[in-house]
$ cat start10.cif   # mmCIF, C-alpha atoms
data_protein
#
loop_
_atom_site.label_atom_id
_atom_site.label_comp_id
_atom_site.auth_asym_id
_atom_site.auth_seq_id
_atom_site.Cartn_x
_atom_site.Cartn_y
_atom_site.Cartn_z
CA MET A 1 -67.78 -40.52 61.63
CA ARG A 2 -69.64 -40.46 58.36
CA SER A 3 -72.13 -43.23 57.62
CA HIS A 4 -71.66 -45.69 54.79
CA HIS A 5 -74.66 -44.16 52.99
CA ALA A 6 -73.22 -40.66 53.30
CA VAL A 7 -69.91 -41.75 51.85
CA CYS A 8 -71.65 -43.49 48.98
CA ALA A 9 -73.72 -40.41 48.31
CA ILE A 10 -70.61 -38.27 48.17
CA LEU A 11 -68.93 -40.72 45.79
CA VAL A 12 -71.96 -40.79 43.52
CA CYS A 13 -72.10 -36.98 43.49
CA CYS A 14 -68.40 -36.77 42.69
CA GLN A 15 -68.76 -39.31 39.90
CA CYS A 16 -71.68 -37.37 38.45
CA LEU A 17 -69.76 -34.11 38.66
CA ALA A 18 -66.71 -35.67 37.05
CA PHE A 19 -68.84 -37.16 34.31
CA GLY A 20 -70.46 -33.80 33.72
CA GLN A 21 -67.08 -32.09 33.45
CA ASN A 22 -65.73 -34.71 31.06
CA ALA A 23 -68.82 -34.48 28.92
CA ALA A 24 -68.39 -30.70 28.61
CA VAL A 25 -64.81 -30.95 27.25
CA PRO A 26 -64.56 -32.02 23.60
CA SER A 27 -61.83 -34.46 22.60
CA THR A 28 -60.45 -31.95 20.05
CA PRO A 29 -60.38 -28.12 20.19
CA ILE A 30 -63.43 -26.47 18.67
CA ASN A 31 -61.39 -23.61 17.19
CA PRO A 32 -57.84 -24.78 16.35
CA ASP A 33 -55.38 -22.07 15.32
CA PRO A 34 -55.08 -22.42 11.52
CA ILE A 35 -52.31 -19.82 11.22
CA ALA A 36 -50.09 -21.49 13.81
CA ALA A 37 -50.86 -24.88 12.26
CA TYR A 38 -49.67 -23.52 8.91
CA LEU A 39 -46.56 -21.70 10.16
CA GLN A 40 -45.18 -24.18 12.71
CA PRO A 41 -44.02 -26.69 10.07
CA LEU A 42 -42.20 -23.83 8.33
CA VAL A 43 -40.31 -23.18 11.56
CA ASP A 44 -39.61 -26.89 11.95
CA ASN A 45 -38.17 -27.25 8.43
CA HIS A 46 -36.08 -24.05 8.72
CA THR A 47 -38.04 -22.05 6.17
CA ILE A 48 -38.38 -19.32 8.80
CA ALA A 49 -36.79 -18.77 12.19
CA GLY A 50 -39.95 -17.23 13.57
CA GLY A 51 -42.35 -14.38 13.07
CA VAL A 52 -45.40 -12.50 14.28
CA THR A 53 -48.74 -12.57 12.47
CA LEU A 54 -51.49 -10.04 13.03
CA VAL A 55 -54.95 -9.95 11.48
CA ALA A 56 -57.22 -6.95 11.99
CA THR A 57 -60.31 -5.18 10.72
CA LYS A 58 -61.04 -1.46 10.60
CA ASP A 59 -61.73 -1.30 14.31
CA ARG A 60 -60.05 -4.19 16.09
CA VAL A 61 -57.32 -6.82 16.12
CA VAL A 62 -58.70 -10.28 15.39
CA TYR A 63 -55.48 -12.27 15.74
CA LEU A 64 -52.00 -11.56 17.12
CA LYS A 65 -49.57 -14.39 17.79
CA PRO A 66 -45.85 -15.11 17.48
CA ILE A 67 -44.31 -18.32 16.17
CA GLY A 68 -40.83 -19.80 16.38
CA TYR A 69 -37.74 -18.06 17.69
CA GLN A 70 -36.44 -14.55 18.17
CA ASP A 71 -32.98 -16.15 18.52
CA ILE A 72 -32.48 -19.70 17.24
CA ALA A 73 -29.15 -20.34 18.99
CA ALA A 74 -30.46 -19.22 22.37
CA LYS A 75 -33.86 -20.86 21.75
CA THR A 76 -35.51 -17.58 22.72
CA PRO A 77 -39.20 -17.72 21.77
CA MET A 78 -40.44 -14.93 19.52
CA PRO A 79 -42.30 -12.39 21.70
CA THR A 80 -45.60 -10.91 20.57
CA ASN A 81 -44.09 -7.42 20.72
CA ALA A 82 -40.91 -8.36 18.85
CA LEU A 83 -39.25 -5.51 16.98
CA PHE A 84 -38.39 -5.90 13.29
CA TRP A 85 -36.52 -3.87 10.70
CA ILE A 86 -39.45 -3.27 8.34
CA ALA A 87 -37.31 -2.09 5.41
CA SER A 88 -39.43 -0.83 2.49
CA THR A 89 -42.62 -1.09 4.49
CA SER A 90 -41.34 2.31 5.64
CA LYS A 91 -42.22 3.79 2.23
CA PRO A 92 -46.00 4.19 2.66
CA MET A 93 -45.42 5.83 6.04
CA THR A 94 -43.05 8.39 4.50
CA VAL A 95 -45.43 9.04 1.63
CA THR A 96 -48.32 9.53 4.05
CA ALA A 97 -46.32 12.39 5.59
CA VAL A 98 -45.80 13.87 2.11
CA MET A 99 -49.54 13.71 1.44
CA MET A 100 -50.24 15.57 4.68
CA LEU A 101 -48.30 18.49 3.25
CA VAL A 102 -50.07 18.10 -0.09
CA ASP A 103 -53.37 18.45 1.80
CA GLU A 104 -52.07 21.63 3.43
CA GLY A 105 -51.18 23.12 0.04
CA LYS A 106 -47.46 23.11 0.84
CA ILE A 107 -46.49 20.48 -1.74
CA ASP A 108 -47.84 20.33 -5.30
CA LEU A 109 -47.87 16.82 -6.79
CA ASN A 110 -47.57 18.27 -10.30
CA ALA A 111 -44.69 20.61 -9.48
CA PRO A 112 -41.11 19.88 -10.54
CA VAL A 113 -38.93 18.56 -7.72
CA GLU A 114 -36.53 21.42 -8.49
CA LYS A 115 -39.14 23.87 -7.19
CA TYR A 116 -38.33 22.59 -3.69
CA LEU A 117 -34.80 21.24 -4.30
CA PRO A 118 -32.91 23.51 -6.75
CA GLU A 119 -30.03 21.02 -7.03
CA PHE A 120 -32.23 18.98 -9.39
CA LYS A 121 -32.21 21.68 -12.08
CA GLY A 122 -30.75 20.70 -15.44
CA GLN A 123 -30.86 16.93 -14.95
CA MET A 124 -29.52 14.68 -17.66
CA VAL A 125 -30.57 11.21 -18.75
CA ARG A 126 -28.23 8.36 -19.69
CA VAL A 127 -29.42 6.74 -22.94
CA ALA A 128 -27.96 4.34 -25.47
CA ASN A 129 -25.60 5.92 -27.98
CA PRO A 130 -27.08 5.25 -31.43
CA SER A 131 -23.70 5.74 -33.10
CA THR A 132 -22.13 2.83 -31.19
CA PRO A 133 -22.37 -0.50 -33.07
CA ALA A 134 -23.90 -3.35 -31.13
CA GLY A 135 -21.24 -5.42 -29.36
CA ALA A 136 -18.54 -2.79 -29.88
CA HIS A 137 -17.87 -2.53 -26.17
CA GLY A 138 -17.80 -5.11 -23.40
CA ALA A 139 -19.94 -4.99 -20.31
CA SER A 140 -17.11 -3.37 -18.35
CA ASP A 141 -17.13 -0.45 -20.79
CA SER A 142 -20.90 0.05 -20.85
CA LYS A 143 -20.69 3.83 -20.30
CA ALA A 144 -18.83 4.19 -23.58
CA SER A 145 -21.93 2.94 -25.40
CA THR A 146 -24.20 5.54 -23.78
CA GLN A 147 -24.58 9.28 -23.90
CA LEU A 148 -26.16 11.96 -21.74
CA VAL A 149 -29.12 13.95 -23.03
CA PRO A 150 -31.27 16.57 -21.28
CA ALA A 151 -34.41 15.39 -19.49
CA VAL A 152 -37.52 16.08 -21.59
CA HIS A 153 -39.05 17.64 -18.51
CA PRO A 154 -37.95 18.15 -14.90
CA ILE A 155 -38.90 15.21 -12.70
CA LEU A 156 -42.19 15.83 -10.91
CA VAL A 157 -43.19 15.18 -7.32
CA ARG A 158 -45.80 12.65 -8.45
CA GLU A 159 -43.09 10.79 -10.40
CA ILE A 160 -40.79 10.34 -7.41
CA LEU A 161 -43.75 8.99 -5.40
CA SER A 162 -44.71 6.46 -8.10
CA HIS A 163 -41.20 5.31 -9.18
CA THR A 164 -41.54 6.81 -12.66
CA SER A 165 -38.98 9.63 -12.30
CA GLY A 166 -35.97 7.84 -13.75
CA LEU A 167 -34.03 8.07 -10.50
CA PRO A 168 -31.97 4.90 -9.90
CA PHE A 169 -32.56 2.59 -6.96
CA LYS A 170 -29.43 3.78 -5.15
CA SER A 171 -26.78 6.43 -5.69
CA ASN A 172 -23.19 5.48 -6.52
CA ALA A 173 -22.13 7.96 -3.85
CA GLN A 174 -23.82 6.02 -1.08
CA PRO A 175 -21.65 3.58 0.90
CA GLY A 176 -22.71 -0.05 1.38
CA ALA A 177 -24.99 0.77 4.27
CA LEU A 178 -27.88 3.10 3.49
CA ASP A 179 -27.87 5.00 6.78
CA LEU A 180 -24.42 6.61 6.72
CA LEU A 181 -25.27 9.84 4.90
CA SER A 182 -27.59 12.61 6.03
CA LEU A 183 -30.76 13.00 4.00
CA LYS A 184 -29.52 16.33 2.66
CA ASP A 185 -26.21 14.85 1.47
CA SER A 186 -27.84 11.72 0.06
CA VAL A 187 -30.30 13.70 -2.02
CA LYS A 188 -27.55 15.99 -3.35
CA SER A 189 -25.80 12.89 -4.66
CA PHE A 190 -29.02 11.78 -6.38
CA ALA A 191 -29.30 15.12 -8.16
CA SER A 192 -25.71 14.98 -9.39
CA GLU A 193 -26.12 11.66 -11.21
CA PRO A 194 -28.00 11.05 -14.48
CA LEU A 195 -31.46 9.55 -14.66
CA ILE A 196 -31.79 6.02 -16.04
CA PHE A 197 -34.71 6.91 -18.33
CA GLN A 198 -36.71 9.93 -19.40
CA PRO A 199 -39.13 11.01 -16.62
CA GLY A 200 -42.59 9.53 -16.93
CA THR A 201 -41.68 7.01 -19.64
CA SER A 202 -40.95 3.92 -17.55
CA TYR A 203 -41.16 2.42 -14.05
CA SER A 204 -38.20 1.46 -11.87
CA TYR A 205 -38.49 0.91 -8.12
CA SER A 206 -36.37 3.58 -6.48
CA ASN A 207 -35.28 4.22 -2.92
CA GLU A 208 -33.89 7.52 -4.23
CA GLY A 209 -37.34 8.77 -5.19
CA ILE A 210 -38.85 8.23 -1.73
CA ASP A 211 -35.78 9.67 0.00
CA THR A 212 -36.03 12.73 -2.24
CA ALA A 213 -39.68 13.14 -1.25
CA ALA A 214 -38.62 13.03 2.40
CA ARG A 215 -36.09 15.77 1.80
CA ILE A 216 -38.91 17.89 0.38
CA ILE A 217 -40.75 17.33 3.69
CA GLU A 218 -37.76 18.86 5.49
CA VAL A 219 -37.51 21.88 3.19
CA VAL A 220 -41.25 22.61 3.21
CA SER A 221 -41.91 21.98 6.91
CA GLY A 222 -38.70 23.52 8.20
CA GLU A 223 -38.00 20.60 10.52
CA PRO A 224 -36.04 17.34 10.25
CA TYR A 225 -37.87 14.56 8.46
CA GLU A 226 -37.70 12.19 11.43
CA GLN A 227 -39.12 14.86 13.74
CA PHE A 228 -42.02 15.49 11.36
CA MET A 229 -42.76 11.76 11.23
CA GLN A 230 -42.73 11.49 15.00
CA GLU A 231 -44.86 14.55 15.69
CA ARG A 232 -47.36 14.22 12.88
CA LEU A 233 -47.74 10.45 12.47
CA PHE A 234 -46.18 8.10 15.00
CA THR A 235 -47.08 9.87 18.25
CA PRO A 236 -50.66 10.81 17.27
CA LEU A 237 -51.36 7.28 16.02
CA GLY A 238 -49.85 5.73 19.14
CA MET A 239 -47.08 3.92 17.24
CA HIS A 240 -44.73 3.91 20.22
CA ASP A 241 -42.43 1.17 18.90
CA THR A 242 -41.81 2.71 15.47
CA THR A 243 -38.42 4.39 15.19
CA PHE A 244 -35.20 4.77 13.22
CA TRP A 245 -33.13 4.34 16.40
CA PRO A 246 -34.39 1.55 18.66
CA THR A 247 -33.64 1.98 22.35
CA PRO A 248 -31.69 -0.67 24.30
CA GLU A 249 -35.00 -2.02 25.60
CA GLN A 250 -36.39 -2.26 22.06
CA ILE A 251 -33.17 -3.87 20.84
CA SER A 252 -33.70 -6.58 23.47
CA ARG A 253 -36.94 -7.41 21.60
CA LEU A 254 -35.36 -7.23 18.13
CA ALA A 255 -35.82 -10.38 16.06
CA LYS A 256 -32.51 -11.77 14.86
CA SER A 257 -32.09 -11.75 11.09
CA TYR A 258 -31.19 -14.90 9.20
CA ARG A 259 -30.05 -16.07 5.79
CA LEU A 260 -30.29 -19.54 4.31
CA ASP A 261 -26.99 -21.44 4.09
CA ALA A 262 -27.26 -23.18 0.72
CA GLN A 263 -24.95 -26.05 1.74
CA THR A 264 -26.34 -26.93 5.16
CA LYS A 265 -29.92 -25.89 4.33
CA THR A 266 -30.11 -24.18 7.72
CA LEU A 267 -30.68 -20.58 8.77
CA VAL A 268 -27.54 -18.66 9.73
CA GLU A 269 -27.72 -15.49 11.81
CA GLN A 270 -26.35 -12.33 10.23
CA PRO A 271 -26.67 -8.59 10.85
CA VAL A 272 -28.84 -6.53 8.51
CA ASP A 273 -26.43 -5.73 5.69
CA GLN A 274 -28.01 -2.37 4.82
CA LEU A 275 -27.68 -0.90 8.31
CA THR A 276 -24.89 0.34 10.56
CA TYR A 277 -24.40 -0.97 14.09
CA PRO A 278 -24.98 -0.16 16.91
CA LEU A 279 -28.55 0.61 15.93
CA ASP A 280 -29.09 3.17 18.69
CA ASP A 281 -26.19 5.32 17.48
CA HIS A 282 -27.65 8.78 16.78
CA GLU A 283 -24.25 10.26 15.90
CA HIS A 284 -23.34 8.09 12.92
CA ARG A 285 -26.67 6.62 11.77
CA TYR A 286 -29.16 8.72 9.78
CA PRO A 287 -32.85 8.08 9.04
CA MET A 288 -33.51 6.27 5.77
CA PRO A 289 -37.03 7.26 4.63
CA ALA A 290 -37.30 4.58 1.96
CA GLY A 291 -36.48 1.71 4.28
CA GLY A 292 -34.99 2.51 7.67
CA LEU A 293 -37.78 2.07 10.19
CA PHE A 294 -38.09 -0.50 12.97
CA SER A 295 -41.54 -1.45 14.20
CA THR A 296 -43.79 -4.14 15.65
CA ALA A 297 -46.76 -5.96 14.16
CA ALA A 298 -49.09 -4.03 16.46
CA ASP A 299 -47.69 -0.65 15.42
CA VAL A 300 -47.85 -1.45 11.70
CA SER A 301 -51.46 -2.58 12.14
CA ILE A 302 -52.39 0.82 13.60
CA PHE A 303 -51.06 2.49 10.47
CA CYS A 304 -52.94 -0.03 8.33
CA ARG A 305 -56.18 0.60 10.18
CA MET A 306 -55.84 4.30 9.46
CA LEU A 307 -55.47 3.51 5.76
CA LEU A 308 -58.33 1.02 5.72
CA ASN A 309 -60.50 3.71 7.26
CA GLY A 310 -59.67 6.04 4.35
CA GLY A 311 -57.11 8.15 6.23
CA VAL A 312 -58.99 8.36 9.54
CA LEU A 313 -58.41 6.63 12.88
CA ASP A 314 -60.26 7.12 16.15
CA GLY A 315 -62.03 10.19 14.80
CA LYS A 316 -58.85 11.96 13.64
CA ARG A 317 -58.19 12.49 9.93
CA TYR A 318 -54.56 12.16 8.92
CA ILE A 319 -54.84 12.52 5.14
CA SER A 320 -57.72 13.69 2.98
CA GLN A 321 -59.93 11.33 1.02
CA ALA A 322 -58.33 12.68 -2.17
CA SER A 323 -54.82 11.90 -0.90
CA PHE A 324 -55.88 8.45 0.25
CA HIS A 325 -57.36 7.79 -3.19
CA ALA A 326 -54.13 8.88 -4.90
CA MET A 327 -52.00 6.63 -2.68
CA THR A 328 -54.19 3.61 -3.36
CA SER A 329 -54.82 4.09 -7.10
CA VAL A 330 -52.43 3.09 -9.87
CA GLU A 331 -50.28 6.20 -10.42
CA SER A 332 -47.45 4.44 -12.26
CA GLY A 333 -49.44 4.30 -15.48
CA GLY A 334 -48.99 0.55 -15.74
CA LEU A 335 -45.49 1.19 -17.11
CA ASN A 336 -43.38 -1.99 -17.13
CA LYS A 337 -46.54 -3.81 -16.00
CA SER A 338 -46.38 -1.89 -12.72
CA SER A 339 -49.30 -1.37 -10.36
CA TYR A 340 -48.07 1.24 -7.91
CA GLY A 341 -49.82 4.18 -6.33
CA PHE A 342 -48.02 6.71 -4.17
CA GLY A 343 -45.95 4.67 -1.73
CA LEU A 344 -48.17 1.58 -2.05
CA SER A 345 -48.47 -1.43 -4.31
CA VAL A 346 -52.03 -1.61 -5.60
CA SER A 347 -54.10 -4.67 -6.53
CA ALA A 348 -57.66 -5.25 -7.69
CA THR A 349 -58.81 -5.82 -4.11
CA GLY A 350 -56.59 -3.55 -2.06
CA PHE A 351 -53.06 -2.36 -1.43
CA GLY A 352 -49.98 -3.00 0.67
CA HIS A 353 -46.19 -3.12 0.75
CA GLY A 354 -43.42 -5.55 1.58
CA GLY A 355 -39.86 -5.19 2.80
CA ALA A 356 -36.42 -6.51 1.87
CA TYR A 357 -36.34 -8.99 4.75
CA LYS A 358 -39.74 -10.39 3.75
CA ASN A 359 -42.09 -8.61 6.17
CA ALA A 360 -45.39 -7.59 4.60
CA MET A 361 -48.59 -5.65 5.18
CA GLU A 362 -51.57 -6.45 2.97
CA ILE A 363 -54.95 -4.71 3.10
CA ASP A 364 -58.05 -6.10 1.37
CA VAL A 365 -60.58 -3.29 1.15
CA ALA A 366 -63.51 -5.41 -0.01
CA LYS A 367 -63.11 -7.88 2.84
CA GLY A 368 -62.11 -5.25 5.38
CA ARG A 369 -59.05 -7.29 6.31
CA ILE A 370 -55.54 -6.30 7.38
CA LEU A 371 -52.68 -8.81 7.43
CA VAL A 372 -49.31 -7.94 8.96
CA PHE A 373 -46.64 -10.63 8.75
CA MET A 374 -43.35 -9.81 10.43
CA VAL A 375 -40.29 -11.94 9.70
CA GLN A 376 -36.58 -11.20 9.41
CA GLN A 377 -34.96 -13.20 6.62
CA ASN A 378 -32.54 -12.11 3.94
CA GLY A 379 -32.05 -13.85 0.62
CA PRO A 380 -34.04 -16.78 -0.74
CA TRP A 381 -36.43 -18.92 1.25
CA GLY A 382 -35.16 -22.29 2.41
CA THR A 383 -37.97 -24.15 0.66
CA ALA A 384 -40.45 -23.51 -2.11
CA ASP A 385 -43.07 -23.06 0.62
CA GLY A 386 -41.66 -19.64 1.39
CA ASP A 387 -42.81 -17.99 -1.81
CA GLY A 388 -46.45 -18.59 -0.98
CA ILE A 389 -46.42 -17.68 2.73
CA VAL A 390 -48.08 -14.27 2.45
CA THR A 391 -50.67 -15.47 -0.07
CA ASN A 392 -51.57 -18.43 2.13
CA LEU A 393 -51.75 -16.25 5.21
CA GLU A 394 -54.10 -13.88 3.39
CA LYS A 395 -56.51 -16.75 2.74
CA LEU A 396 -56.37 -17.91 6.35
CA SER A 397 -56.79 -14.32 7.53
CA ASP A 398 -59.87 -13.84 5.36
CA ASP A 399 -61.44 -16.89 7.01
CA LEU A 400 -60.65 -15.51 10.48
CA VAL A 401 -62.19 -12.14 9.69
CA ALA A 402 -65.29 -13.75 8.16
CA SER A 403 -65.81 -15.97 11.20
CA SER A 404 -65.30 -13.07 13.62
CA HIS A 405 -68.35 -11.10 12.45
#

$ encode --input "start10.cif" --output "structure tokens"
Amino acid sequence: MRSHHAVCAILVCCQCLAFGQNAAVPSTPINPDPIAAYLQPLVDNHTIAGGVTLVATKDRVVYLKPIGYQDIAAKTPMPTNALFWIASTSKPMTVTAVMMLVDEGKIDLNAPVEKYLPEFKGQMVRVANPSTPAGAHGASDSKASTQLVPAVHPILVREILSHTSGLPFKSNAQPGALDLLSLKDSVKSFASEPLIFQPGTSYSYSNEGIDTAARIIEVVSGEPYEQFMQERLFTPLGMHDTTFWPTPEQISRLAKSYRLDAQTKTLVEQPVDQLTYPLDDHEHRYPMPAGGLFSTAADVSIFCRMLLNGGVLDGKRYISQASFHAMTSVESGGLNKSSYGFGLSVSATGFGHGGAYKNAMEIDVAKGRILVFMVQQNGPWGTADGDGIVTNLEKLSDDLVASSH
């Protein structure tokens, strides 16, 4: 039986130990999560259903966390490795593949597209008919007030990469969904329709231009576009979750897409309106180079790290310094106040690209910072807060990168 003094000694020791432990734990966290603190209220007020945010530098991931729900109705939390339809964030990946072939001397940026795709010979441009008096025709008869004239020069490869070719956003021959025609058939329909302006004289964002560039990849390389992307970019980079056809396992991680209901001010689930379901159908769904890829935040960040390193990752060069410079410099000539390189939007501090369902990748070269924000929402944001999400996340990300050094 222990003595009274022994018991007292034990109690004193325990009290001292407990006091020491309590003294070592601050009353508030030393490093609260500023990104989660910013995004959680946006989940709570139905601005977003959920998302995944990743911040990285040239050589490492600084931050990777999900927020909110993958499925609101089921209350399924958003997983860190959630899959998203990245829409137009696909464009810089497709253009990177084009630039690989430029580096190999197989594609000439200054060559006419018709050199590789003869169906583009003899293209016409739809212009206003000067002989038609203003107001003579209604909007429904707009074609009557226009005429077709020959293109002043054949559209060039560099023009389809910088949205200055005059190709429309989408062909009239394409059905509602953008993945129902093969790349070969889609591009033939582009060539058969008139341009919307003379090549090189204006800027108009065009899915057709990037899809046409992907068709050139097929013709020059002799293999399907999607195979070239897999063999030359995705597999070597280790982008194992980037695909046009997600597997059943990947579909189980797919973030549901939502649209704001204007009356109830809530988010309503809806399928992606530009895609055909089921998503793993290889027989009826075709790759859409300008906006058909699915990916994760981690995979997109690998691609971004390669770009931030000037076309190199883990000692392997994917594109030359010259090609990297062309992608990340203003190649659109500032037409229509544009600031677009080859497959990338360019700013004073860096470059990036967004997608139709509001995902974004933003790279600040000066600060050495990568931001990937993955979300799946169609239409307008539920609140005014939505318009500033990416800008605010960039500021928070800059602070994280600065404090991580």

$ resolve_selection --input "start10.cif" --expression "the PyMOL selection byres ((chain A and resi 70-78) around 7)" --output "ChimeraX atom specification"
/A:49-51,66-69,79-80,82,255-256

$ residues_around --input "start10.cif" --residues "Arg126 of chain A" --least-positions-apart "3" --cutoff "12 Å" --atoms "only C-alpha atoms" --output "ChimeraX atom specification"
/A:123,129,142-151,166-168,193-199

$ resolve_selection --input "start10.cif" --expression "the PyMOL selection byres ((chain A and resi 390) around 12)" --output "PyMOL selection string"
chain A and resi 35+38-39+53-54+352-354+358-363+370-375+385-389+391-397

$ resolve_selection --input "start10.cif" --expression "the PyMOL selection byres ((chain A and resi 249) around 12)" --output "PDB file with C-alpha atoms, in the frame of the given file"
ATOM      1  CA  ASN A  81     -44.090  -7.420  20.720  1.00  0.00           C
ATOM      2  CA  ALA A  82     -40.910  -8.360  18.850  1.00  0.00           C
ATOM      3  CA  LEU A  83     -39.250  -5.510  16.980  1.00  0.00           C
ATOM      4  CA  ASP A 241     -42.430   1.170  18.900  1.00  0.00           C
ATOM      5  CA  TRP A 245     -33.130   4.340  16.400  1.00  0.00           C
ATOM      6  CA  PRO A 246     -34.390   1.550  18.660  1.00  0.00           C
ATOM      7  CA  THR A 247     -33.640   1.980  22.350  1.00  0.00           C
ATOM      8  CA  PRO A 248     -31.690  -0.670  24.300  1.00  0.00           C
ATOM      9  CA  GLN A 250     -36.390  -2.260  22.060  1.00  0.00           C
ATOM     10  CA  ILE A 251     -33.170  -3.870  20.840  1.00  0.00           C
ATOM     11  CA  SER A 252     -33.700  -6.580  23.470  1.00  0.00           C
ATOM     12  CA  ARG A 253     -36.940  -7.410  21.600  1.00  0.00           C
ATOM     13  CA  LEU A 254     -35.360  -7.230  18.130  1.00  0.00           C
ATOM     14  CA  LEU A 279     -28.550   0.610  15.930  1.00  0.00           C
ATOM     15  CA  ASP A 280     -29.090   3.170  18.690  1.00  0.00           C
TER      16      ASP A 280
END

$ residues_around --input "start10.cif" --residues "His46 of chain A" --least-positions-apart "6" --cutoff "12 Å" --atoms "only C-alpha atoms" --output "JSON, numbers by chain"
{"A": [39, 40, 68, 69, 72, 258, 259, 260, 261, 262, 264, 265, 266, 267, 268, 377, 381, 382, 383, 384, 385, 386]}

$ residues_near_point --input "start10.cif" --point "(-56.2, 8.1, 8.2)" --cutoff "12 Å" --atoms "only C-alpha atoms" --output "number ranges by chain"
A: 58, 93, 96-97, 99-100, 232-233, 236-237, 302-325, 327

$ residues_around --input "start10.cif" --residues "Thr243 of chain A" --least-positions-apart "2" --cutoff "10 Å" --atoms "all atoms listed in the file" --output "list of chain:residue names"
A:Trp85, A:Glu226, A:Met229, A:Gln230, A:Phe234, A:Met239, A:His240, A:Asp241, A:Trp245, A:Pro246, A:Thr247, A:Gln250, A:Pro287, A:Gly292, A:Leu293, A:Phe294, A:Ser295
